[in-house]
>>> print(open('protein.cif').read())   # mmCIF, C-alpha atoms
data_start
#
loop_
_atom_site.label_atom_id
_atom_site.label_comp_id
_atom_site.auth_asym_id
_atom_site.auth_seq_id
_atom_site.Cartn_x
_atom_site.Cartn_y
_atom_site.Cartn_z
CA MET A 4 122.09 -32.34 18.81
CA LEU A 5 118.70 -31.59 20.29
CA ASP A 6 116.19 -29.78 18.06
CA VAL A 7 114.82 -27.59 20.85
CA LYS A 8 112.59 -25.55 18.53
CA THR A 9 110.74 -28.69 17.43
CA ILE A 10 110.53 -30.02 20.98
CA ARG A 11 109.02 -26.77 22.23
CA GLN A 12 106.25 -27.13 19.66
CA ASP A 13 105.29 -30.40 21.36
CA PHE A 14 104.43 -28.53 24.58
CA PRO A 15 101.34 -26.36 24.04
CA ILE A 16 101.66 -24.43 27.31
CA LEU A 17 105.02 -22.96 26.24
CA SER A 18 103.29 -20.76 23.66
CA ARG A 19 101.17 -18.91 26.20
CA GLU A 20 101.78 -15.60 27.93
CA VAL A 21 101.87 -14.81 31.66
CA ASN A 22 101.33 -11.24 32.81
CA GLY A 23 101.55 -10.11 29.20
CA LYS A 24 104.97 -11.72 28.71
CA PRO A 25 105.96 -14.96 26.96
CA LEU A 26 106.11 -17.73 29.54
CA VAL A 27 109.62 -18.69 30.65
CA TYR A 28 108.99 -21.84 32.64
CA LEU A 29 111.89 -22.52 35.00
CA ASP A 30 110.07 -24.49 37.70
CA ASN A 31 110.81 -27.90 36.24
CA GLY A 32 112.38 -29.16 39.45
CA ALA A 33 108.93 -28.99 41.00
CA SER A 34 107.00 -30.34 38.01
CA ALA A 35 107.57 -30.46 34.26
CA GLN A 36 105.15 -29.48 31.54
CA LYS A 37 103.44 -32.11 29.38
CA PRO A 38 103.90 -32.78 25.66
CA GLN A 39 100.85 -33.08 23.44
CA VAL A 40 101.32 -36.84 23.07
CA VAL A 41 100.83 -37.26 26.83
CA ILE A 42 97.85 -34.91 26.89
CA ASP A 43 96.31 -36.85 23.98
CA ALA A 44 96.94 -40.19 25.67
CA VAL A 45 95.27 -39.05 28.89
CA THR A 46 92.33 -37.53 27.03
CA ARG A 47 91.88 -40.69 24.93
CA GLY A 48 92.20 -42.87 28.01
CA TYR A 49 89.24 -41.16 29.65
CA ALA A 50 87.18 -40.33 26.56
CA GLU A 51 87.47 -43.55 24.54
CA GLU A 52 89.22 -46.33 26.44
CA TYR A 53 88.40 -46.09 30.11
CA ALA A 54 87.51 -49.07 32.27
CA ASN A 55 88.89 -50.60 35.44
CA VAL A 56 91.82 -52.95 34.94
CA HIS A 57 92.25 -56.66 35.72
CA ARG A 58 89.48 -59.26 35.80
CA GLY A 59 87.00 -57.22 33.75
CA LEU A 60 86.93 -59.68 30.84
CA HIS A 61 85.22 -57.20 28.54
CA TYR A 62 86.77 -55.30 25.65
CA LEU A 63 87.42 -51.97 27.39
CA SER A 64 88.76 -53.60 30.52
CA ASN A 65 91.10 -55.80 28.51
CA LEU A 66 92.26 -52.81 26.46
CA ALA A 67 92.92 -50.70 29.57
CA THR A 68 94.66 -53.61 31.29
CA ASP A 69 96.93 -54.27 28.32
CA LYS A 70 97.92 -50.61 28.04
CA TYR A 71 98.35 -50.24 31.80
CA GLU A 72 100.48 -53.35 32.25
CA ALA A 73 102.60 -52.57 29.17
CA VAL A 74 103.97 -49.54 30.99
CA ARG A 75 105.98 -51.83 33.30
CA ASP A 76 108.08 -52.84 30.30
CA VAL A 77 108.54 -49.19 29.33
CA ILE A 78 109.67 -48.21 32.83
CA ALA A 79 111.98 -51.22 33.03
CA THR A 80 113.59 -50.23 29.73
CA PHE A 81 113.88 -46.60 30.84
CA LEU A 82 115.63 -47.61 34.07
CA GLY A 83 117.76 -50.38 32.59
CA ALA A 84 116.00 -53.03 34.70
CA LYS A 85 116.08 -56.65 33.57
CA ASP A 86 112.64 -57.71 34.77
CA PRO A 87 109.38 -55.69 34.48
CA GLU A 88 108.11 -57.60 37.53
CA GLU A 89 110.59 -55.59 39.60
CA ILE A 90 108.59 -52.44 38.75
CA VAL A 91 105.97 -51.44 41.33
CA TYR A 92 103.54 -48.72 40.35
CA THR A 93 103.20 -45.80 42.76
CA THR A 94 101.75 -42.30 42.81
CA GLY A 95 105.30 -40.95 42.81
CA THR A 96 108.59 -41.05 44.67
CA THR A 97 107.01 -40.20 48.02
CA MET A 98 104.81 -43.28 47.90
CA GLY A 99 107.73 -45.38 46.69
CA ILE A 100 109.95 -44.42 49.61
CA ASN A 101 107.11 -44.93 52.08
CA LEU A 102 106.58 -48.38 50.56
CA VAL A 103 110.19 -49.23 51.36
CA SER A 104 109.93 -47.71 54.84
CA TYR A 105 106.82 -49.67 55.81
CA GLY A 106 107.23 -52.70 53.56
CA TRP A 107 110.95 -53.37 53.98
CA GLY A 108 112.04 -51.24 56.94
CA VAL A 109 109.46 -52.33 59.51
CA PRO A 110 109.99 -56.10 59.13
CA ASN A 111 113.78 -55.93 58.68
CA LEU A 112 114.98 -53.22 61.07
CA GLN A 113 115.02 -53.10 64.84
CA ALA A 114 115.77 -50.51 67.51
CA GLY A 115 119.34 -49.25 67.22
CA ASP A 116 119.74 -50.07 63.54
CA GLU A 117 121.01 -47.16 61.45
CA ILE A 118 119.92 -45.44 58.26
CA ILE A 119 122.35 -43.07 56.54
CA LEU A 120 121.00 -39.93 54.85
CA SER A 121 122.73 -36.97 53.22
CA VAL A 122 121.90 -33.49 54.46
CA MET A 123 120.50 -32.56 51.05
CA GLU A 124 117.69 -35.10 50.95
CA HIS A 125 114.16 -34.03 50.04
CA HIS A 126 111.65 -34.34 52.87
CA ALA A 127 110.15 -37.32 51.03
CA ASN A 128 113.42 -39.13 51.74
CA ILE A 129 113.59 -37.94 55.35
CA VAL A 130 110.13 -38.08 56.91
CA PRO A 131 109.49 -41.83 56.32
CA TRP A 132 112.75 -42.60 58.15
CA HIS A 133 111.77 -40.28 60.99
CA PHE A 134 108.63 -42.40 61.32
CA LEU A 135 110.87 -45.42 61.88
CA ARG A 136 113.00 -43.40 64.30
CA GLU A 137 109.98 -42.33 66.35
CA ARG A 138 108.06 -45.59 66.24
CA HIS A 139 110.76 -48.26 66.11
CA GLY A 140 113.90 -46.69 67.56
CA ILE A 141 115.85 -46.52 64.31
CA VAL A 142 118.89 -44.21 64.34
CA ILE A 143 119.44 -41.69 61.51
CA LYS A 144 123.04 -40.77 60.65
CA TRP A 145 123.66 -37.63 58.59
CA VAL A 146 126.41 -36.90 56.06
CA ASP A 147 127.12 -33.28 55.11
CA VAL A 148 128.02 -31.78 51.74
CA ASP A 149 131.12 -29.61 51.33
CA ALA A 150 131.27 -25.88 50.64
CA THR A 151 130.63 -26.39 46.90
CA GLY A 152 127.60 -28.61 47.56
CA ALA A 153 129.45 -31.80 46.59
CA LEU A 154 128.85 -35.03 48.47
CA ASP A 155 132.00 -37.11 48.83
CA PRO A 156 130.93 -40.75 48.40
CA GLN A 157 133.74 -41.81 50.74
CA LYS A 158 132.13 -39.82 53.55
CA VAL A 159 128.95 -41.85 53.07
CA ILE A 160 130.95 -45.07 53.00
CA ASP A 161 132.91 -44.07 56.10
CA ALA A 162 129.60 -43.51 57.95
CA ILE A 163 128.72 -47.21 57.55
CA GLY A 164 128.98 -49.05 60.85
CA PRO A 165 128.02 -52.48 62.19
CA LYS A 166 124.47 -51.25 62.84
CA THR A 167 123.96 -49.66 59.40
CA LYS A 168 121.23 -51.40 57.43
CA LEU A 169 120.20 -48.85 54.79
CA ILE A 170 121.55 -45.86 52.89
CA ALA A 171 118.80 -43.64 51.44
CA ILE A 172 120.27 -41.09 49.09
CA THR A 173 119.37 -38.78 46.22
CA GLN A 174 121.15 -39.11 42.90
CA MET A 175 120.62 -35.41 42.14
CA SER A 176 119.80 -32.70 44.65
CA ASN A 177 116.58 -30.83 43.93
CA VAL A 178 118.13 -27.69 45.45
CA LEU A 179 121.79 -27.69 44.43
CA GLY A 180 121.72 -29.86 41.32
CA THR A 181 124.57 -31.87 42.84
CA VAL A 182 125.01 -35.27 41.18
CA VAL A 183 125.92 -38.00 43.67
CA ASP A 184 128.22 -40.90 42.78
CA VAL A 185 125.72 -43.51 43.94
CA LYS A 186 127.45 -46.29 42.01
CA THR A 187 130.53 -46.04 44.24
CA ILE A 188 128.33 -45.89 47.34
CA CYS A 189 126.31 -48.92 46.23
CA SER A 190 129.42 -50.97 45.52
CA ALA A 191 130.87 -50.37 49.00
CA ALA A 192 127.50 -50.84 50.68
CA ARG A 193 126.88 -54.15 48.94
CA GLU A 194 130.22 -55.49 50.19
CA GLN A 195 129.07 -54.78 53.75
CA GLY A 196 125.53 -56.10 53.35
CA VAL A 197 123.97 -52.63 53.49
CA ARG A 198 120.97 -51.89 51.26
CA VAL A 199 120.71 -48.71 49.20
CA LEU A 200 117.62 -46.75 48.20
CA VAL A 201 118.13 -44.10 45.53
CA ASP A 202 115.78 -41.14 45.13
CA GLY A 203 115.75 -40.69 41.36
CA SER A 204 113.14 -37.94 41.23
CA GLN A 205 115.52 -35.40 39.70
CA SER A 206 118.21 -37.57 38.12
CA ALA A 207 115.95 -39.76 35.98
CA VAL A 208 114.66 -36.68 34.17
CA HIS A 209 118.04 -35.29 33.26
CA MET A 210 120.45 -38.19 32.73
CA PRO A 211 120.48 -41.82 31.59
CA VAL A 212 119.87 -44.28 34.44
CA ASN A 213 120.72 -47.97 34.62
CA VAL A 214 119.77 -49.52 37.95
CA GLU A 215 121.67 -52.73 37.25
CA GLU A 216 124.89 -50.78 36.70
CA LEU A 217 124.27 -48.60 39.76
CA GLY A 218 123.88 -51.69 41.94
CA CYS A 219 121.20 -50.22 44.21
CA ASP A 220 118.32 -52.12 45.80
CA PHE A 221 115.53 -49.57 45.32
CA PHE A 222 115.18 -46.74 42.78
CA ALA A 223 112.16 -44.43 42.93
CA ILE A 224 110.85 -42.09 40.23
CA THR A 225 107.93 -39.70 39.97
CA GLY A 226 105.94 -39.21 36.79
CA HIS A 227 105.03 -35.54 36.95
CA LYS A 228 108.71 -34.52 36.76
CA LEU A 229 109.20 -36.89 33.80
CA TYR A 230 106.76 -34.96 31.57
CA GLY A 231 104.01 -37.36 32.64
CA PRO A 232 100.78 -36.96 34.63
CA SER A 233 100.53 -36.13 38.30
CA ALA A 234 99.99 -39.11 40.61
CA SER A 235 102.01 -41.43 38.40
CA GLY A 236 105.31 -43.06 39.25
CA ALA A 237 107.13 -46.24 40.08
CA ILE A 238 109.81 -47.82 42.18
CA TRP A 239 112.23 -50.47 41.00
CA ILE A 240 112.83 -53.07 43.71
CA ARG A 241 115.43 -55.76 43.35
CA LYS A 242 113.71 -59.17 43.50
CA GLU A 243 115.73 -60.25 46.52
CA ARG A 244 114.45 -57.23 48.42
CA MET A 245 110.87 -57.89 47.31
CA ALA A 246 111.10 -61.29 48.97
CA GLU A 247 111.99 -59.55 52.24
CA MET A 248 109.02 -57.15 52.14
CA GLN A 249 105.54 -57.17 53.58
CA PRO A 250 102.60 -55.36 51.91
CA PHE A 251 102.34 -51.66 52.64
CA MET A 252 98.61 -51.31 51.89
CA GLY A 253 95.78 -53.83 51.93
CA GLY A 254 92.89 -54.08 49.50
CA GLY A 255 91.93 -55.37 46.10
CA ASP A 256 94.48 -56.69 43.58
CA MET A 257 97.21 -57.28 46.14
CA ILE A 258 95.55 -60.46 47.41
CA ARG A 259 95.10 -63.92 45.95
CA GLU A 260 92.40 -65.16 48.33
CA VAL A 261 90.56 -63.66 51.30
CA SER A 262 88.48 -65.59 53.79
CA LYS A 263 87.22 -64.93 57.27
CA ASP A 264 90.25 -66.60 58.77
CA GLU A 265 93.18 -65.95 56.45
CA ILE A 266 94.64 -63.98 53.57
CA THR A 267 97.05 -65.08 50.87
CA TRP A 268 99.02 -62.40 49.01
CA ASN A 269 99.32 -61.99 45.30
CA ASP A 270 102.74 -62.31 43.69
CA PRO A 271 104.96 -59.21 43.38
CA PRO A 272 104.62 -56.61 42.03
CA MET A 273 100.83 -56.90 42.52
CA LYS A 274 101.44 -57.73 46.18
CA PHE A 275 102.38 -54.08 46.69
CA GLU A 276 99.62 -52.48 44.58
CA ALA A 277 96.38 -52.32 46.53
CA GLY A 278 93.14 -50.88 45.19
CA THR A 279 92.07 -49.30 41.93
CA PRO A 280 95.24 -47.72 40.50
CA GLY A 281 95.86 -44.53 38.58
CA ILE A 282 95.18 -46.29 35.30
CA VAL A 283 95.23 -43.38 32.91
CA GLN A 284 98.02 -41.66 34.82
CA GLN A 285 100.32 -44.66 34.44
CA ILE A 286 99.44 -45.00 30.76
CA GLY A 287 100.34 -41.34 30.34
CA LEU A 288 103.64 -41.93 32.13
CA GLY A 289 104.49 -44.71 29.69
CA VAL A 290 103.86 -42.34 26.78
CA ALA A 291 106.04 -39.67 28.43
CA LEU A 292 108.94 -42.09 28.92
CA ASP A 293 108.63 -43.32 25.34
CA TYR A 294 108.75 -39.68 24.23
CA MET A 295 111.93 -39.06 26.20
CA MET A 296 113.60 -42.24 24.98
CA GLN A 297 112.77 -41.39 21.36
CA ILE A 298 114.51 -38.04 21.80
CA GLY A 299 117.40 -39.77 23.58
CA MET A 300 118.49 -39.35 27.18
CA ASP A 301 122.07 -38.66 26.10
CA LYS A 302 120.88 -35.80 23.90
CA ILE A 303 118.70 -34.42 26.69
CA ALA A 304 121.62 -34.56 29.13
CA ALA A 305 123.98 -32.85 26.65
CA HIS A 306 121.53 -30.04 25.94
CA GLU A 307 120.87 -29.41 29.63
CA ALA A 308 124.62 -29.45 30.36
CA SER A 309 125.03 -26.73 27.73
CA LEU A 310 122.23 -24.72 29.34
CA ARG A 311 123.84 -25.22 32.75
CA ASP A 312 127.21 -23.94 31.56
CA TYR A 313 125.64 -20.89 29.93
CA ALA A 314 123.57 -20.14 33.02
CA VAL A 315 126.61 -20.54 35.32
CA GLN A 316 128.50 -17.98 33.25
CA LYS A 317 125.62 -15.50 33.30
CA LEU A 318 124.67 -15.95 36.96
CA ASN A 319 128.27 -15.69 38.16
CA GLY A 320 128.42 -12.30 36.50
CA LEU A 321 125.87 -10.97 39.00
CA ASN A 322 128.03 -10.17 42.04
CA TRP A 323 124.98 -9.43 44.17
CA LEU A 324 123.58 -12.94 43.67
CA GLN A 325 124.63 -15.88 45.84
CA VAL A 326 124.20 -19.19 44.01
CA GLN A 327 124.16 -22.27 46.24
CA GLY A 328 126.01 -25.29 44.88
CA GLN A 329 128.95 -24.91 42.50
CA THR A 330 129.89 -28.45 41.51
CA PRO A 331 130.97 -28.47 37.83
CA ASP A 332 128.96 -31.56 36.84
CA LYS A 333 125.73 -30.48 38.55
CA GLY A 334 122.33 -30.58 36.95
CA ALA A 335 120.81 -27.41 35.50
CA ILE A 336 119.29 -26.42 38.85
CA PHE A 337 120.17 -23.08 40.46
CA SER A 338 119.15 -21.96 43.93
CA PHE A 339 120.08 -18.44 44.94
CA THR A 340 119.58 -15.50 47.25
CA MET A 341 119.99 -11.82 46.43
CA ASP A 342 121.63 -8.97 48.32
CA GLY A 343 119.01 -6.56 49.62
CA ALA A 344 116.05 -8.83 48.96
CA GLY A 345 113.77 -9.35 51.92
CA HIS A 346 112.72 -12.90 51.07
CA ALA A 347 112.97 -15.35 48.19
CA HIS A 348 109.22 -14.97 47.71
CA ASP A 349 109.74 -11.27 46.88
CA ILE A 350 112.24 -12.15 44.16
CA SER A 351 109.92 -14.80 42.74
CA THR A 352 107.00 -12.37 42.60
CA ILE A 353 109.00 -9.82 40.63
CA LEU A 354 110.27 -12.47 38.22
CA ASP A 355 106.70 -13.64 37.67
CA LYS A 356 105.75 -10.16 36.50
CA LYS A 357 108.25 -10.68 33.67
CA GLY A 358 106.73 -14.07 32.82
CA VAL A 359 109.57 -16.02 34.46
CA ALA A 360 108.32 -18.89 36.61
CA VAL A 361 110.67 -19.99 39.40
CA ARG A 362 110.13 -21.55 42.83
CA ALA A 363 110.78 -19.89 46.19
CA GLY A 364 110.97 -21.44 49.63
CA HIS A 365 112.83 -24.25 51.37
CA HIS A 366 112.13 -26.71 48.52
CA CYS A 367 111.23 -29.47 51.00
CA ALA A 368 114.87 -29.55 52.12
CA GLY A 369 114.86 -28.19 55.67
CA PRO A 370 118.12 -29.82 56.84
CA LEU A 371 119.94 -28.51 53.76
CA MET A 372 118.62 -24.97 54.30
CA GLU A 373 119.91 -25.12 57.87
CA HIS A 374 123.27 -26.42 56.64
CA LEU A 375 123.51 -23.58 54.11
CA GLY A 376 122.51 -20.99 56.71
CA VAL A 377 119.51 -19.69 54.79
CA SER A 378 115.78 -19.90 55.43
CA ALA A 379 114.77 -20.01 51.76
CA THR A 380 116.08 -19.59 48.23
CA CYS A 381 114.77 -18.93 44.76
CA ARG A 382 115.26 -21.85 42.39
CA ALA A 383 115.45 -21.81 38.61
CA SER A 384 115.40 -25.34 37.24
CA PHE A 385 115.76 -26.14 33.56
CA ALA A 386 114.36 -28.84 31.28
CA MET A 387 114.99 -30.13 27.78
CA TYR A 388 112.68 -27.51 26.24
CA ASN A 389 114.44 -24.51 27.77
CA THR A 390 116.81 -22.29 25.78
CA THR A 391 119.74 -19.93 26.25
CA GLU A 392 117.38 -17.09 25.32
CA GLU A 393 115.35 -18.00 28.37
CA VAL A 394 118.50 -17.86 30.49
CA ASP A 395 118.94 -14.29 29.22
CA LYS A 396 115.34 -13.47 30.18
CA LEU A 397 115.99 -14.84 33.67
CA ILE A 398 119.05 -12.60 33.99
CA GLU A 399 117.08 -9.55 32.82
CA ALA A 400 114.35 -10.26 35.37
CA LEU A 401 116.90 -10.72 38.15
CA GLU A 402 118.55 -7.39 37.25
CA LEU A 403 115.15 -5.72 37.46
CA ALA A 404 114.54 -7.26 40.87
CA HIS A 405 117.94 -6.12 42.10
CA ASP A 406 117.29 -2.58 40.91
CA LEU A 407 113.98 -2.56 42.79
CA PHE A 408 115.59 -3.77 46.01
CA ALA A 409 118.57 -1.41 45.77
#
>>> encode(input="protein.cif", output="structure tokens")
Amino acid sequence: MLDVKTIRQDFPILSREVNGKPLVYLDNGASAQKPQVVIDAVTRGYAEEYANVHRGLHYLSNLATDKYEAVRDVIATFLGAKDPEEIVYTTGTTMGINLVSYGWGVPNLQAGDEIILSVMEHHANIVPWHFLRERHGIVIKWVDVDATGALDPQKVIDAIGPKTKLIAITQMSNVLGTVVDVKTICSAAREQGVRVLVDGSQSAVHMPVNVEELGCDFFAITGHKLYGPSASGAIWIRKERMAEMQPFMGGGDMIREVSKDEITWNDPPMKFEAGTPGIVQQIGLGVALDYMMQIGMDKIAAHEASLRDYAVQKLNGLNWLQVQGQTPDKGAIFSFTMDGAGHAHDISTILDKKGVAVRAGHHCAGPLMEHLGVSATCRASFAMYNTTEEVDKLIEALELAHDLFA
């Protein structure tokens, strides 16, 4: 059982007020708040331990390097990966997917080859593939969700054809909360020689992940959703896929030797990490993941499932609210529109006056918005530090908004 009261004390921002009301932070799908241990680690990293990593050969550089490189082991443990050398540091999921697009896609795909996407992908898992479509003639095939927001894995499998080379799919929708059975997809794809990239931006925060059990080839995460610093993240790349990749960016650290006439690359994962990295950010991410693992991902998932069930019951009691996505095993993410409301932004503004922070807009999911027949929604997304009392405050704020629009 999760001790939510104790956990909330670890997050200093949760004790503040907004517009004279206690903060109810329900914008975790966009970015999560940071526990004090992460804030302390970042502060200490800059105030007491900062130096550039690798090759410094002085005390501070060695200290920073040791702490920075140790995070690979933490991420590997968090993702159930066997080898820390399969962990490539990034600034987040967007960079990770672009690394695969440029580093694996460009040298391995040719005009007419197909990439399968679901209609509920985040733009970060759409735009890089459009680049390949525009510049290299790659074909994008789309798979729709059903009326409940569920994605039938068999529909993805059935979309595989002789030209299919990659499936790029989210494990949890940032709009609907839908959890995708990527393990079944990966198993079928592997039998047909098709590679699978999984966007783990949402799923890794809310549920245990084991990339070896999933059987994917690439798994991307972003640190700021994992209670870590902005501009931190990583992508797990299966070693066989690393051998098929070319560097995405050129610069320091990713080379072994440079002369006027030739370049030799460093070994992976350094081969894909050019330039001075986000040293303190990655160290902070390691602390955040340790924090989550100490609490227990199973406990986090159970608590959020309880919050989801309570919120479903309360939200379904509002017959003037349309909640998108009704799969029973979804994450605690709720996107909705309201009868009589002019725009999702109007709802969000009213909720903010009550101290309730939600997100409004298309949530970087244009194709899904089109599929749902809406231009925008409000989204309330929960985290391990949220409570049923905060669900009640959300409901009260929504009732106020409805009364104002009536």
>>> residues_around(input="protein.cif", residues="Lys85 in chain A", least_positions_apart="3", cutoff="12 Å", atoms="only C-alpha atoms", output="list of chain:residue names")
A:Arg75, A:Asp76, A:Val77, A:Ile78, A:Ala79, A:Thr80, A:Phe81, A:Leu82, A:Glu88, A:Glu89, A:Ile90, A:Asn213, A:Val214, A:Glu215, A:Glu216, A:Trp239, A:Ile240, A:Arg241, A:Lys242
>>> residues_near_point(input="protein.cif", point="(102.9, -15.9, 27.5)", cutoff="12 Å", atoms="all atoms listed in the file", output="VMD selection string")
chain A and resid 15 to 28 355 to 360
>>> resolve_selection(input="protein.cif", expression="the PyMOL selection byres ((chain A and resi 370) around 8)", output="MDAnalysis selection string")
chainID A and resid 122:124 368:369 371:374
>>> write_last_selection(input="protein.cif", atoms="C-alpha atoms", output="PDB file, in the frame of the given file")
ATOM      1  CA  VAL A 122     121.900 -33.490  54.460  1.00  0.00           C
ATOM      2  CA  MET A 123     120.500 -32.560  51.050  1.00  0.00           C
ATOM      3  CA  GLU A 124     117.690 -35.100  50.950  1.00  0.00           C
ATOM      4  CA  ALA A 368     114.870 -29.550  52.120  1.00  0.00           C
ATOM      5  CA  GLY A 369     114.860 -28.190  55.670  1.00  0.00           C
ATOM      6  CA  LEU A 371     119.940 -28.510  53.760  1.00  0.00           C
ATOM      7  CA  MET A 372     118.620 -24.970  54.300  1.00  0.00           C
ATOM      8  CA  GLU A 373     119.910 -25.120  57.870  1.00  0.00           C
ATOM      9  CA  HIS A 374     123.270 -26.420  56.640  1.00  0.00           C
TER      10      HIS A 374
END
>>> resolve_selection(input="protein.cif", expression="the PyMOL selection byres ((chain A and resi 52) around 10)", output="list in words")
Ala44, Val45, Thr46, Arg47, Gly48, Tyr49, Ala50, Glu51, Tyr53, Ala54, Asn55, Tyr62, Leu63, Ser64, Asn65, Leu66, Ala67, Lys70 and Val283 of chain A
>>> residues_around(input="protein.cif", residues="range 339-354 of chain A", least_positions_apart="6", cutoff="10 Å", atoms="all atoms listed in the file", output="PyMOL selection string")
chain A and resi 27+178-179+318+321-328+360-365+377-383+396-409
>>> resolve_selection(input="protein.cif", expression="the PyMOL selection byres ((chain A and resi 138-150) around 6)", output="CSV table (one decimal) with C-alpha atoms, keeping the file's coordinate frame")
chain,number,residue,atom,x,y,z
A,114,ALA,CA,115.8,-50.5,67.5
A,115,GLY,CA,119.3,-49.2,67.2
A,116,ASP,CA,119.7,-50.1,63.5
A,117,GLU,CA,121.0,-47.2,61.4
A,118,ILE,CA,119.9,-45.4,58.3
A,119,ILE,CA,122.4,-43.1,56.5
A,120,LEU,CA,121.0,-39.9,54.8
A,121,SER,CA,122.7,-37.0,53.2
A,122,VAL,CA,121.9,-33.5,54.5
A,134,PHE,CA,108.6,-42.4,61.3
A,135,LEU,CA,110.9,-45.4,61.9
A,136,ARG,CA,113.0,-43.4,64.3
A,137,GLU,CA,110.0,-42.3,66.4
A,151,THR,CA,130.6,-26.4,46.9
A,152,GLY,CA,127.6,-28.6,47.6
A,153,ALA,CA,129.4,-31.8,46.6
A,154,LEU,CA,128.8,-35.0,48.5
>>> closest_residue(input="protein.cif", among="A:Leu288, A:Leu112, A:Val183, A:Ala234", to="Arg198 in chain A", atoms="all atoms listed in the file")
A:Leu112
>>> residues_around(input="protein.cif", residues="range 251-268 of chain A", least_positions_apart="4", cutoff="7 Å", atoms="all atoms listed in the file", output="list in words")
Leu102, Tyr105, Gly106, Met273, Lys274, Phe275, Glu276, Ala277 and Gly278 of chain A
>>> closest_residue(input="protein.cif", among="A:Val74, A:Val201, A:Ile286, A:Met175", to="Asp332 in chain A", atoms="all atoms listed in the file")
A:Met175
>>> axis_aligned_box(input="protein.cif", around="range 119-134 of chain A", padding_each_side="8 Å", output="JSON")
{"center_x": 115.7, "center_y": -37.8, "center_z": 55.7, "size_x": 30.1, "size_y": 26.5, "size_z": 27.3}
>>> build_atoms(input="protein.cif", residues="range 31-46 of chain A", atoms="N, CA and C atoms", output="mmCIF file, in the coordinates of the input")
data_model
loop_
_atom_site.group_PDB
_atom_site.id
_atom_site.type_symbol
_atom_site.label_atom_id
_atom_site.label_comp_id
_atom_site.auth_asym_id
_atom_site.auth_seq_id
_atom_site.Cartn_x
_atom_site.Cartn_y
_atom_site.Cartn_z
ATOM 1 N N ASN A 31 110.859 -26.496 36.621
ATOM 2 C CA ASN A 31 110.810 -27.900 36.240
ATOM 3 C C ASN A 31 111.228 -28.839 37.360
ATOM 4 N N GLY A 32 112.014 -28.342 38.312
ATOM 5 C CA GLY A 32 112.380 -29.160 39.450
ATOM 6 C C GLY A 32 111.184 -29.530 40.300
ATOM 7 N N ALA A 33 110.164 -28.688 40.270
ATOM 8 C CA ALA A 33 108.930 -28.990 41.000
ATOM 9 C C ALA A 33 108.022 -29.880 40.176
ATOM 10 N N SER A 34 107.831 -29.532 38.903
ATOM 11 C CA SER A 34 107.000 -30.340 38.010
ATOM 12 C C SER A 34 107.221 -29.862 36.591
ATOM 13 N N ALA A 35 107.331 -30.804 35.663
ATOM 14 C CA ALA A 35 107.570 -30.460 34.260
ATOM 15 C C ALA A 35 106.262 -30.325 33.503
ATOM 16 N N GLN A 36 106.312 -29.604 32.401
ATOM 17 C CA GLN A 36 105.150 -29.480 31.540
ATOM 18 C C GLN A 36 104.966 -30.761 30.717
ATOM 19 N N LYS A 37 103.806 -30.861 30.054
ATOM 20 C CA LYS A 37 103.440 -32.110 29.380
ATOM 21 C C LYS A 37 103.392 -31.935 27.863
ATOM 22 N N PRO A 38 103.998 -32.856 27.123
ATOM 23 C CA PRO A 38 103.900 -32.780 25.660
ATOM 24 C C PRO A 38 102.516 -33.196 25.185
ATOM 25 N N GLN A 39 102.174 -32.809 23.984
ATOM 26 C CA GLN A 39 100.850 -33.080 23.440
ATOM 27 C C GLN A 39 100.556 -34.574 23.391
ATOM 28 N N VAL A 40 101.575 -35.400 23.156
ATOM 29 C CA VAL A 40 101.320 -36.840 23.070
ATOM 30 C C VAL A 40 100.826 -37.391 24.410
ATOM 31 N N VAL A 41 101.306 -36.839 25.505
ATOM 32 C CA VAL A 41 100.830 -37.260 26.830
ATOM 33 C C VAL A 41 99.423 -36.747 27.073
ATOM 34 N N ILE A 42 99.192 -35.485 26.733
ATOM 35 C CA ILE A 42 97.850 -34.910 26.890
ATOM 36 C C ILE A 42 96.839 -35.705 26.066
ATOM 37 N N ASP A 43 97.206 -36.071 24.843
ATOM 38 C CA ASP A 43 96.310 -36.850 23.980
ATOM 39 C C ASP A 43 96.053 -38.234 24.569
ATOM 40 N N ALA A 44 97.100 -38.852 25.111
ATOM 41 C CA ALA A 44 96.940 -40.190 25.670
ATOM 42 C C ALA A 44 96.014 -40.181 26.878
ATOM 43 N N VAL A 45 96.140 -39.168 27.719
ATOM 44 C CA VAL A 45 95.270 -39.050 28.890
ATOM 45 C C VAL A 45 93.836 -38.772 28.462
ATOM 46 N N THR A 46 93.680 -37.855 27.516
ATOM 47 C CA THR A 46 92.330 -37.530 27.030
ATOM 48 C C THR A 46 91.671 -38.767 26.409
#
